[in-house]
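Engineer: Input target.txt, format and content: compact mmCIF, C-alpha atoms and all ligand atoms.
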# COMPACT_ATOMS: atom_id res chain seq x y z
CA MET C 1 -22.66 -1.60 17.81
CA ILE C 2 -21.54 -4.06 15.14
CA GLU C 3 -21.09 -3.01 11.55
CA THR C 4 -20.07 -4.85 8.36
CA LEU C 5 -17.29 -3.29 6.28
CA GLY C 6 -16.42 -3.99 2.63
CA ALA C 7 -12.87 -4.25 1.29
CA LYS C 8 -12.45 -0.50 0.76
CA ALA C 9 -13.66 0.44 4.24
CA ALA C 10 -11.51 -2.35 5.71
CA SER C 11 -8.45 -0.84 4.09
CA ALA C 12 -9.39 2.62 5.42
CA ALA C 13 -9.71 1.14 8.93
CA ALA C 14 -6.38 -0.75 8.76
CA ASP C 15 -4.66 1.37 11.42
CA ASP C 16 -7.50 0.92 13.92
CA LEU C 17 -7.54 -2.83 13.21
CA ARG C 18 -3.76 -2.96 13.73
CA GLU C 19 -4.24 -1.46 17.20
CA VAL C 20 -6.97 -3.92 18.14
CA TYR C 21 -4.89 -6.80 16.77
CA PHE C 22 -1.88 -5.76 18.86
CA SER C 23 -3.98 -5.22 21.98
CA ALA C 24 -5.47 -8.73 21.66
CA PHE C 25 -2.52 -10.77 20.38
CA GLY C 26 0.25 -8.74 22.03
CA ALA C 27 -1.27 -9.37 25.49
CA PRO C 28 0.55 -11.59 28.01
CA GLY C 29 0.07 -15.24 27.15
CA TYR C 30 -0.19 -14.44 23.41
CA ASP C 31 2.94 -12.27 23.22
CA GLU C 32 2.91 -11.52 19.51
CA PRO C 33 5.33 -8.69 18.67
CA ALA C 34 4.26 -5.35 17.18
CA GLU C 35 5.81 -6.46 13.87
CA ARG C 36 3.20 -9.22 13.58
CA ALA C 37 0.43 -6.60 13.97
CA ASP C 38 2.09 -4.58 11.21
CA GLN C 39 2.29 -7.64 8.97
CA PHE C 40 -1.39 -8.27 9.67
CA ALA C 41 -2.47 -4.71 8.79
CA ASP C 42 -0.06 -4.04 5.91
CA GLU C 43 0.02 -7.42 4.14
CA GLN C 44 -2.42 -10.05 5.39
CA LEU C 45 -5.53 -7.88 5.51
CA PRO C 46 -5.13 -6.27 2.04
CA THR C 47 -4.43 -9.70 0.49
CA HIS C 48 -7.46 -11.26 2.13
CA ALA C 49 -9.72 -8.24 1.47
CA ALA C 50 -9.22 -8.77 -2.26
CA ARG C 51 -10.56 -12.34 -2.12
CA PRO C 52 -14.09 -13.35 -3.11
CA GLY C 53 -16.53 -13.59 -0.23
CA PHE C 54 -14.52 -11.22 2.00
CA LYS C 55 -16.55 -10.11 5.00
CA LEU C 56 -15.33 -8.03 7.95
CA VAL C 57 -17.36 -7.06 11.00
CA VAL C 58 -16.25 -4.49 13.56
CA ALA C 59 -17.51 -3.50 16.99
CA ARG C 60 -17.38 0.18 17.88
CA SER C 61 -17.59 2.02 21.16
CA ALA C 62 -17.84 5.81 21.03
CA GLY C 63 -16.63 5.62 17.40
CA ALA C 64 -13.48 3.61 18.17
CA ILE C 65 -13.09 0.04 16.89
CA THR C 66 -12.87 -2.32 19.87
CA GLY C 67 -13.05 -5.67 18.09
CA PHE C 68 -13.28 -7.29 14.68
CA ALA C 69 -13.70 -10.59 12.88
CA TYR C 70 -13.32 -11.49 9.22
CA GLY C 71 -13.15 -14.25 6.66
CA PHE C 72 -13.52 -15.03 2.95
CA THR C 73 -14.31 -17.89 0.62
CA GLY C 74 -11.62 -20.53 1.02
CA GLU C 75 -10.32 -22.41 -2.01
CA ARG C 76 -7.54 -24.82 -2.84
CA GLY C 77 -4.51 -22.92 -4.07
CA GLN C 78 -4.66 -20.63 -1.03
CA TRP C 79 -1.92 -21.15 1.53
CA TRP C 80 -3.94 -22.35 4.52
CA PRO C 81 -6.43 -24.60 2.69
CA ASP C 82 -3.44 -26.23 0.99
CA ARG C 83 -1.82 -26.86 4.39
CA ILE C 84 -5.03 -28.60 5.46
CA ALA C 85 -5.08 -30.67 2.29
CA GLU C 86 -1.47 -31.75 2.90
CA ALA C 87 -1.99 -32.60 6.57
CA ALA C 88 -5.40 -34.25 6.31
CA PRO C 89 -6.46 -35.12 2.73
CA GLU C 90 -9.61 -36.97 3.85
CA ILE C 91 -10.84 -33.99 5.88
CA ALA C 92 -9.95 -31.64 3.03
CA ALA C 93 -11.94 -33.75 0.58
CA GLU C 94 -15.08 -33.14 2.63
CA TRP C 95 -14.48 -29.59 3.86
CA VAL C 96 -12.07 -27.59 1.69
CA GLY C 97 -13.21 -25.59 -1.33
CA GLY C 98 -16.00 -23.04 -1.43
CA HIS C 99 -16.14 -22.99 2.36
CA PHE C 100 -16.12 -19.84 4.52
CA GLU C 101 -12.64 -19.43 5.93
CA PHE C 102 -13.07 -17.80 9.36
CA VAL C 103 -9.67 -16.10 9.61
CA GLU C 104 -9.47 -13.75 12.55
CA LEU C 105 -11.35 -12.73 15.68
CA ALA C 106 -9.87 -10.18 18.09
CA VAL C 107 -11.24 -7.97 20.85
CA ALA C 108 -9.12 -5.23 22.46
CA ALA C 109 -7.96 -6.33 25.91
CA SER C 110 -9.93 -3.59 27.68
CA ALA C 111 -13.20 -4.65 25.98
CA GLN C 112 -12.98 -8.41 26.58
CA ARG C 113 -15.36 -10.56 28.68
CA GLN C 114 -18.43 -8.49 27.87
CA GLY C 115 -19.81 -10.70 25.13
CA LEU C 116 -18.28 -8.79 22.20
CA GLY C 117 -16.35 -11.78 20.88
CA ALA C 118 -19.55 -13.83 20.79
CA ASP C 119 -21.46 -11.00 19.09
CA LEU C 120 -18.73 -10.52 16.46
CA HIS C 121 -18.72 -14.25 15.78
CA ASP C 122 -22.48 -14.27 15.29
CA ALA C 123 -22.45 -11.18 13.05
CA LEU C 124 -19.71 -12.64 10.86
CA MET C 125 -21.47 -15.97 10.48
CA ALA C 126 -24.96 -14.49 9.87
CA ASP C 127 -26.45 -14.96 6.41
CA LEU C 128 -23.38 -16.49 4.79
CA PRO C 129 -24.09 -18.16 1.46
CA HIS C 130 -21.60 -20.98 2.18
CA SER C 131 -22.66 -24.48 3.26
CA LYS C 132 -19.64 -25.05 5.51
CA ALA C 133 -16.98 -23.09 7.37
CA LEU C 134 -13.50 -23.80 8.68
CA LEU C 135 -11.28 -22.14 11.25
CA SER C 136 -8.01 -22.81 13.00
CA THR C 137 -7.39 -21.84 16.59
CA TYR C 138 -5.25 -22.63 19.59
CA THR C 139 -4.97 -26.23 20.73
CA GLY C 140 -4.96 -25.34 24.45
CA ASP C 141 -7.79 -24.27 26.74
CA ARG C 142 -8.19 -20.59 25.90
CA PRO C 143 -11.07 -18.15 25.42
CA ALA C 144 -11.11 -18.55 21.62
CA PRO C 145 -11.55 -22.35 21.41
CA ARG C 146 -14.06 -22.21 24.28
CA LEU C 147 -16.06 -19.60 22.38
CA TYR C 148 -16.01 -21.59 19.13
CA ARG C 149 -17.12 -24.78 20.86
CA ARG C 150 -19.98 -22.89 22.54
CA LYS C 151 -20.97 -21.68 19.07
CA GLY C 152 -21.27 -25.22 17.73
CA TRP C 153 -17.97 -25.62 15.91
CA GLN C 154 -16.86 -29.24 15.65
CA LEU C 155 -13.25 -30.27 16.32
CA LEU C 156 -11.99 -31.86 13.08
CA LEU C 157 -8.30 -32.16 13.88
CA PRO C 158 -6.80 -31.51 17.35
CA HIS C 159 -3.34 -30.86 15.90
CA LEU C 160 -3.35 -29.48 12.39
CA THR C 161 0.03 -28.09 13.50
CA PRO C 162 1.63 -28.50 16.93
CA THR C 163 -0.15 -25.32 18.10
CA ALA C 164 -3.27 -25.14 15.89
CA ALA C 165 -6.48 -27.15 15.94
CA LEU C 166 -8.91 -27.29 13.01
CA TYR C 167 -12.64 -26.78 13.53
CA GLY C 168 -15.52 -27.04 11.06
CA LYS C 169 -19.16 -26.00 11.04
CA HIS C 170 -22.01 -26.94 8.73
CA LEU C 171 -24.06 -23.85 7.90
CA THR C 172 -27.77 -23.88 7.37
CA ARG C 173 -29.66 -20.92 6.05
C1 LIG C 201 -11.13 -14.78 21.92
C2 LIG C 201 -11.62 -13.36 22.13
C3 LIG C 201 -11.88 -12.71 20.78
C4 LIG C 201 -12.92 -13.39 22.94
O1 LIG C 201 -13.39 -12.05 23.03
P1 LIG C 201 -14.39 -11.58 24.22
O2 LIG C 201 -15.03 -10.33 23.78
O3 LIG C 201 -13.68 -11.60 25.51
O4 LIG C 201 -15.45 -12.80 24.15
P2 LIG C 201 -16.74 -12.99 25.07
O5 LIG C 201 -16.89 -11.85 26.02
O6 LIG C 201 -17.86 -13.29 24.15
O7 LIG C 201 -16.38 -14.33 25.85
C5 LIG C 201 -15.16 -14.46 26.55
C6 LIG C 201 -15.41 -14.93 27.97
O8 LIG C 201 -16.07 -13.92 28.73
C7 LIG C 201 -17.25 -14.47 29.32
N1 LIG C 201 -18.25 -13.38 29.40
C8 LIG C 201 -18.98 -12.88 28.39
N2 LIG C 201 -19.77 -11.88 28.86
C9 LIG C 201 -19.45 -11.74 30.17
C10 LIG C 201 -19.92 -10.87 31.19
N3 LIG C 201 -20.85 -9.94 30.95
N4 LIG C 201 -19.38 -10.99 32.42
C11 LIG C 201 -18.42 -11.92 32.69
N5 LIG C 201 -17.96 -12.78 31.75
C12 LIG C 201 -18.46 -12.68 30.52
C13 LIG C 201 -17.64 -15.60 28.41
O9 LIG C 201 -18.46 -16.53 29.05
C14 LIG C 201 -16.29 -16.15 28.06
O10 LIG C 201 -15.81 -16.95 29.13
P3 LIG C 201 -14.72 -18.13 28.93
O11 LIG C 201 -13.51 -17.56 28.22
O12 LIG C 201 -14.40 -18.54 30.33
O13 LIG C 201 -15.36 -19.22 28.12
C15 LIG C 201 -10.58 -12.50 22.95
O14 LIG C 201 -10.27 -13.21 24.13
C16 LIG C 201 -9.30 -12.22 22.17
O15 LIG C 201 -9.24 -11.27 21.40
N6 LIG C 201 -8.29 -13.05 22.43
C17 LIG C 201 -6.98 -12.88 21.81
C18 LIG C 201 -7.03 -13.16 20.34
C19 LIG C 201 -7.57 -14.54 19.99
O16 LIG C 201 -7.33 -15.53 20.66
N7 LIG C 201 -8.31 -14.58 18.88
C20 LIG C 201 -8.85 -15.78 18.33
C21 LIG C 201 -7.81 -16.43 17.48
S1 LIG C 201 -8.40 -17.94 16.77
The structure in this file should be written as structure tokens.
Structural biologist:
Amino acid sequence: MIETLGAKAASAAADDLREVYFSAFGAPGYDEPAERADQFADEQLPTHAARPGFKLVVARSAGAITGFAYGFTGERGQWWPDRIAEAAPEIAAEWVGGHFEFVELAVAASAQRQGLGADLHDALMADLPHSKALLSTYTGDRPAPRLYRRKGWQLLLPHLTPTAALYGKHLTR
């Protein structure tokens, strides 16, 4: 079951989201420390939840959150869009500003490879008012970039940073 949460409900669910984040990004091959999951739940999420256009979708199984995805309206003056503008001004001129910034997608390790990631992606992207969307993901061959390419995202920049590629998607309603 996939459900959309507003900023207040997202904040109430922060501890569950922390656990899912750590299960997904703390797994072997990703190896993010527990402190990064804390930074996500205690700082990143509240900051992003306050931004215009914030949308969070969660998957639940027997009441427990097993996966989530979220984004908001990206604008210049925000940290990541400004990194894009610095690294690739010509891409930024076309894509950055008023776009949907697809920030995070994570599925708990025990719930992966059942189609949840694809369903969360689709629920997050459904009925957005934006005309374009941007995301950054791993450069290597991993489940996340494979999923985004299957979903029609276009590779804009293979190396926005040494480890991050930039993808864009035109949205039609
Ligand atoms: C990326 C991520 C969210 C995908 O979640 P998921 O729920 O496993 O996604 P899906 O099940 O939709 O698809 C994943 C794979 O399972 C396969 N799959 C889906 N349903 C399946 C099923 N019923 N049986 C077997 N395989 C299945 C898909 O084809 C896909 O295969 P691929 O990786 O070889 O291309 C998850 O791997 C994750 O949390 N990774 C760590 C965090 C991360 O990388 N986040 C994105 C940051 S940009």
Engineer: Do you know which residues are at most 10 Å from Ile84 (chain C) counting only C-alpha atoms, after dropping those on the same chain fewer than 6 positions away, and could you put them as a list in words?
Structural biologist: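 Everything that qualifies: Arg76, Glu90, Ile91, Ala92, Ala93, Trp95, Val96, Ser136, Leu157, Leu160, Thr161 and Leu166 of chain C.
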Engineer: Pick from C:Ser131, C:Ser61, C:Gln114, C:Gln154: nearest to ligand LIG 201 (chain C), with all atoms listed in the file counted?
Structural biologist: C:Gln114
Engineer: Name the closest residue to ligand LIG 201 (chain C) among the candidates C:Ala87, C:Val57, C:Leu17, C:Leu120; distances are taken between atoms, counting only C-alpha atoms and all ligand atoms.
Structural biologist: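 Looking only at the distances to ligand LIG 201 (chain C), the closest residue turns out to be C:Leu120.
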Engineer: Could you report the residues within 10 Å of ligand LIG 201 (chain C), using all atoms listed in the file, as number ranges by chain?
Structural biologist: C: 20-30, 59, 66-69, 102-121, 135-139, 141-150, 164-165
Engineer: Tell me, in Å to one decimal, how far CA of Tyr167 (chain C) is from CA of Gly152 (chain C).
Structural biologist: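 If I compute the distance from CA of Tyr167 (chain C) to CA of Gly152 (chain C), I get 9.7 Å.
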Engineer: Here is a test: counting all atoms listed in the file, which residue of C:Ala34, C:Gln44, C:Ala88, C:Phe54 is nearest to Tyr70 (chain C)?
Structural biologist: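 Closest to Tyr70 (chain C) of all the choices is C:Phe54.
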Engineer: Env of Ala50 (chain C): 10 Å cut, atoms = only C-alpha atoms, seq-sep filter 2 positions within chain, self excluded. Answer as an mmCIF file with C-alpha atoms, keeping the file's coordinate frame.
Structural biologist:
data_model
loop_
_atom_site.group_PDB
_atom_site.id
_atom_site.type_symbol
_atom_site.label_atom_id
_atom_site.label_comp_id
_atom_site.auth_asym_id
_atom_site.auth_seq_id
_atom_site.Cartn_x
_atom_site.Cartn_y
_atom_site.Cartn_z
ATOM 1 C CA GLY C 6 -16.420 -3.990 2.630
ATOM 2 C CA ALA C 7 -12.870 -4.250 1.290
ATOM 3 C CA LYS C 8 -12.450 -0.500 0.760
ATOM 4 C CA LEU C 45 -5.530 -7.880 5.510
ATOM 5 C CA PRO C 46 -5.130 -6.270 2.040
ATOM 6 C CA THR C 47 -4.430 -9.700 0.490
ATOM 7 C CA HIS C 48 -7.460 -11.260 2.130
ATOM 8 C CA PRO C 52 -14.090 -13.350 -3.110
ATOM 9 C CA GLY C 53 -16.530 -13.590 -0.230
ATOM 10 C CA PHE C 54 -14.520 -11.220 2.000
ATOM 11 C CA PHE C 72 -13.520 -15.030 2.950
#
Engineer: Would you mind reading off the distance between CA of Ala10 (chain C) and CA of Pro33 (chain C), one decimal, in Å?
Structural biologist: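 One can read the CA of Ala10 (chain C) to CA of Pro33 (chain C) distance as 22.2 Å.
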Engineer: Interatomic distance between CA of His159 (chain C) and CA of Gln39 (chain C)?
Structural biologist: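 If I compute the distance from CA of His159 (chain C) to CA of Gln39 (chain C), I get 24.9 Å.
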